[in-house]
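Chemist: Quick one: the structure is below, questions incoming.
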Amino acid sequence: MIGFAMCGSYCTHRKSLEQLQLLIEEGKDILPIVSENVFSTDTRFGKAQELQDKLFALCGKESIHTVVDAEPLGPKLQLDALIICPCTGNTLAKMAQGITDTAVTMAAKAHLRGDRPLVIALASNDALSANLKNIATMLNRKNVYFVPMVQDDPQKKPHSLVADFSLLRPTLDAALQGKQYQKIFI
């Protein structure tokens with residue numbers, strides 16, 4: 001089973017869901033996980049309940065959305081891999097500092113206890129500034145792999161990076177073999 005966690009980069013949820021759909025079409029058994037904000041926040045990109053309904057329809061399981069429900073993912077329910085797609089800069093910073101105050105950060109901490117791969121598809125407006133040190137910190141951790149990233153708008157958002165979501169699947173395949181798929185900045 002693969003955990004598929006979503007954080008609040010709401011503008012990338014459509015691309016994230018497309019990748020989730022592809023994994024399911026390949027026959028992957030997916031456990032959906034969402035941050036508390038994703039679980040409860042309506043945005044111009046969609047309603048929270050609609051997203052939960054979509055995740056249930058795709059995965060056939062309710063989303064884990066609390067710290068308490070995410071904690072057993074390491075010791076009791078061992079996932080083959082955990083994907084965070086999208087992963088916000090906020091979540092990345094918390095993971096880099098060992099903060100586990102959301103369902104997603106707890107899922108990551110619990111999962112990494114078992115030395116299994118964590119795949120991060122980052123979407124952050126400050127990836128090349130305040131969050132660059134957190135990317136470096138996570139790169140130095142065992143079993144952490146990044147989906148290659150691109151600058152989504154170098155002129156208007158010069159510090160922003162977004163994962164190339166189309167590279168999620170090969171990144172997952174490489175991570176399951178203990179390898180980083182290609183360079184992380186493209």
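For the structure tokens, the naming scheme is as follows: chains receive sequential letters (A, B, ...) according to their order of presentation, residues are indexed from 1 within each chain, and ligands are indexed from 1 in presentation order.
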Could you pull out the helix (DSSP H, G or I) residues of region 35-166 of chain A from DSSP and send them as a count of residues only?
Modeler: 53
Chemist: Might you pull out every residue within 7 Å of region 73-84 of chain A, with only C-alpha atoms counted and same-chain residues fewer than 2 positions away left off, and present them as a ChimeraX atom specification?
Modeler: /A:1-6,70-71,86-87,107,110-111,113-114,116-121
Chemist: Considering only strand (DSSP E or B) as DSSP defines it on the backbone, what residues of chain A qualify? List them as an MDAnalysis selection string.
Modeler: chainID A and resid 2:6 30:34 43 46 64 81:88 118:124 144:146 149:150 161:163 185
Chemist: List as a list in words the protein and nucleic acid residues near Ile184 (chain A), meaning an atom at most 8 Å away when only C-alpha atoms are counted, but skip any in the same chain fewer than 4 places from it.
Modeler: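 Near neighbours after the sequence-gap exclusion: Phe146, Val147, Pro148 and Met149 of chain A.
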Chemist: Find the residues near Met106 (chain A): any atom within 10 Å, counting only C-alpha atoms, skip ones fewer than 5 places away on the same chain, and give them as a list in words.
Modeler: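 Here the qualifying residues turn out to be Ser35, Thr66, Val67, Val68, Asp69, Ala70, Glu71, Pro72, Leu73, Gly74, Met95, Gly98, Ile99, Thr100, Asp101, His111 and Leu112 of chain A.
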Chemist: Report, in Å to a single decimal, how far apart CA of Ala93 (chain A) and CA of Asn143 (chain A) are.
Modeler: 17.1 Å
Chemist: Measuring atom to atom with only C-alpha atoms, identify which of A:Ala96, A:Ile24, A:Ala136, A:Cys85 is nearest to Thr12 (chain A).
Modeler: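 Using only C-alpha atoms, Thr12 (chain A) sits closest to A:Cys85.
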Chemist: Mind pulling up the distance from CA of Gln97 (chain A) to CA of Asn140 (chain A)?
Modeler: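 Here the two named atoms are 12.8 Å from each other.
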Chemist: With only C-alpha atoms as the atoms that count, which of A:Gly8, A:Lys28, A:Leu92, A:Asp164 lies nearest to Thr137 (chain A)?
Modeler: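 Checking each candidate against Thr137 (chain A), we get A:Leu92 as the closest.
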Chemist: Looking at A:Ile135, A:Val144, A:Leu122, A:Ala163, which one is nearest to Ala175 (chain A), with distances taken over only C-alpha atoms?
Modeler: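 Distance minimum relative to Ala175 (chain A) lands on A:Val144.
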Chemist: Could you pull the residues within 12 Å of Gly46 (chain A), counting only C-alpha atoms, minus those fewer than 3 positions along the same chain, as a PDB file with N, CA and C atoms, in the first residue's frame?
Modeler:
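Saved to part.pdb:
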```pdb
ATOM      1  N   GLY A   8      -1.714  21.904   1.405  1.00  0.00           N
ATOM      2  CA  GLY A   8      -2.532  23.008   0.931  1.00  0.00           C
ATOM      3  C   GLY A   8      -2.031  23.846  -0.216  1.00  0.00           C
ATOM      4  N   SER A   9      -1.261  23.340  -1.113  1.00  0.00           N
ATOM      5  CA  SER A   9      -0.963  24.071  -2.338  1.00  0.00           C
ATOM      6  C   SER A   9      -2.133  23.840  -3.291  1.00  0.00           C
ATOM      7  N   TYR A  10      -3.227  24.511  -2.991  1.00  0.00           N
ATOM      8  CA  TYR A  10      -4.513  24.223  -3.632  1.00  0.00           C
ATOM      9  C   TYR A  10      -4.481  24.347  -5.149  1.00  0.00           C
ATOM     10  N   CYS A  11      -3.664  25.262  -5.653  1.00  0.00           N
ATOM     11  CA  CYS A  11      -3.599  25.455  -7.104  1.00  0.00           C
ATOM     12  C   CYS A  11      -2.968  24.266  -7.820  1.00  0.00           C
ATOM     13  N   THR A  12      -2.314  23.369  -7.088  1.00  0.00           N
ATOM     14  CA  THR A  12      -1.704  22.187  -7.716  1.00  0.00           C
ATOM     15  C   THR A  12      -2.497  20.909  -7.459  1.00  0.00           C
ATOM     16  N   HIS A  13      -3.613  20.993  -6.765  1.00  0.00           N
ATOM     17  CA  HIS A  13      -4.390  19.792  -6.447  1.00  0.00           C
ATOM     18  C   HIS A  13      -4.863  19.046  -7.696  1.00  0.00           C
ATOM     19  N   ARG A  14      -5.238  19.755  -8.731  1.00  0.00           N
ATOM     20  CA  ARG A  14      -5.702  19.089  -9.949  1.00  0.00           C
ATOM     21  C   ARG A  14      -4.598  18.199 -10.522  1.00  0.00           C
ATOM     22  N   VAL A  38      -6.376  21.058   4.373  1.00  0.00           N
ATOM     23  CA  VAL A  38      -6.970  20.517   3.149  1.00  0.00           C
ATOM     24  C   VAL A  38      -8.318  19.868   3.462  1.00  0.00           C
ATOM     25  N   PHE A  39      -8.409  19.203   4.599  1.00  0.00           N
ATOM     26  CA  PHE A  39      -9.646  18.521   4.983  1.00  0.00           C
ATOM     27  C   PHE A  39     -10.798  19.503   5.208  1.00  0.00           C
ATOM     28  N   SER A  40     -10.478  20.721   5.650  1.00  0.00           N
ATOM     29  CA  SER A  40     -11.557  21.608   6.089  1.00  0.00           C
ATOM     30  C   SER A  40     -11.667  22.951   5.366  1.00  0.00           C
ATOM     31  N   THR A  41     -10.786  23.251   4.434  1.00  0.00           N
ATOM     32  CA  THR A  41     -10.759  24.587   3.841  1.00  0.00           C
ATOM     33  C   THR A  41     -11.302  24.600   2.421  1.00  0.00           C
ATOM     34  N   ASP A  42     -12.316  25.429   2.201  1.00  0.00           N
ATOM     35  CA  ASP A  42     -12.829  25.686   0.859  1.00  0.00           C
ATOM     36  C   ASP A  42     -12.014  26.822   0.254  1.00  0.00           C
ATOM     37  N   THR A  43     -11.638  26.689  -1.018  1.00  0.00           N
ATOM     38  CA  THR A  43     -10.861  27.724  -1.699  1.00  0.00           C
ATOM     39  C   THR A  43     -11.472  27.992  -3.059  1.00  0.00           C
ATOM     40  N   GLN A  49     -15.034  19.367   0.927  1.00  0.00           N
ATOM     41  CA  GLN A  49     -15.826  18.139   0.893  1.00  0.00           C
ATOM     42  C   GLN A  49     -15.788  17.482  -0.487  1.00  0.00           C
ATOM     43  N   GLU A  50     -15.766  18.290  -1.527  1.00  0.00           N
ATOM     44  CA  GLU A  50     -15.669  17.730  -2.878  1.00  0.00           C
ATOM     45  C   GLU A  50     -14.354  16.969  -3.059  1.00  0.00           C
ATOM     46  N   LEU A  51     -13.274  17.510  -2.508  1.00  0.00           N
ATOM     47  CA  LEU A  51     -11.981  16.824  -2.589  1.00  0.00           C
ATOM     48  C   LEU A  51     -12.033  15.514  -1.814  1.00  0.00           C
ATOM     49  N   GLN A  52     -12.621  15.534  -0.632  1.00  0.00           N
ATOM     50  CA  GLN A  52     -12.718  14.301   0.155  1.00  0.00           C
ATOM     51  C   GLN A  52     -13.566  13.256  -0.562  1.00  0.00           C
ATOM     52  N   ASP A  53     -14.637  13.700  -1.183  1.00  0.00           N
ATOM     53  CA  ASP A  53     -15.485  12.780  -1.955  1.00  0.00           C
ATOM     54  C   ASP A  53     -14.708  12.185  -3.126  1.00  0.00           C
ATOM     55  N   LYS A  54     -13.919  13.011  -3.791  1.00  0.00           N
ATOM     56  CA  LYS A  54     -13.112  12.552  -4.928  1.00  0.00           C
ATOM     57  C   LYS A  54     -12.072  11.534  -4.456  1.00  0.00           C
TER      58      LYS A  54
END
```
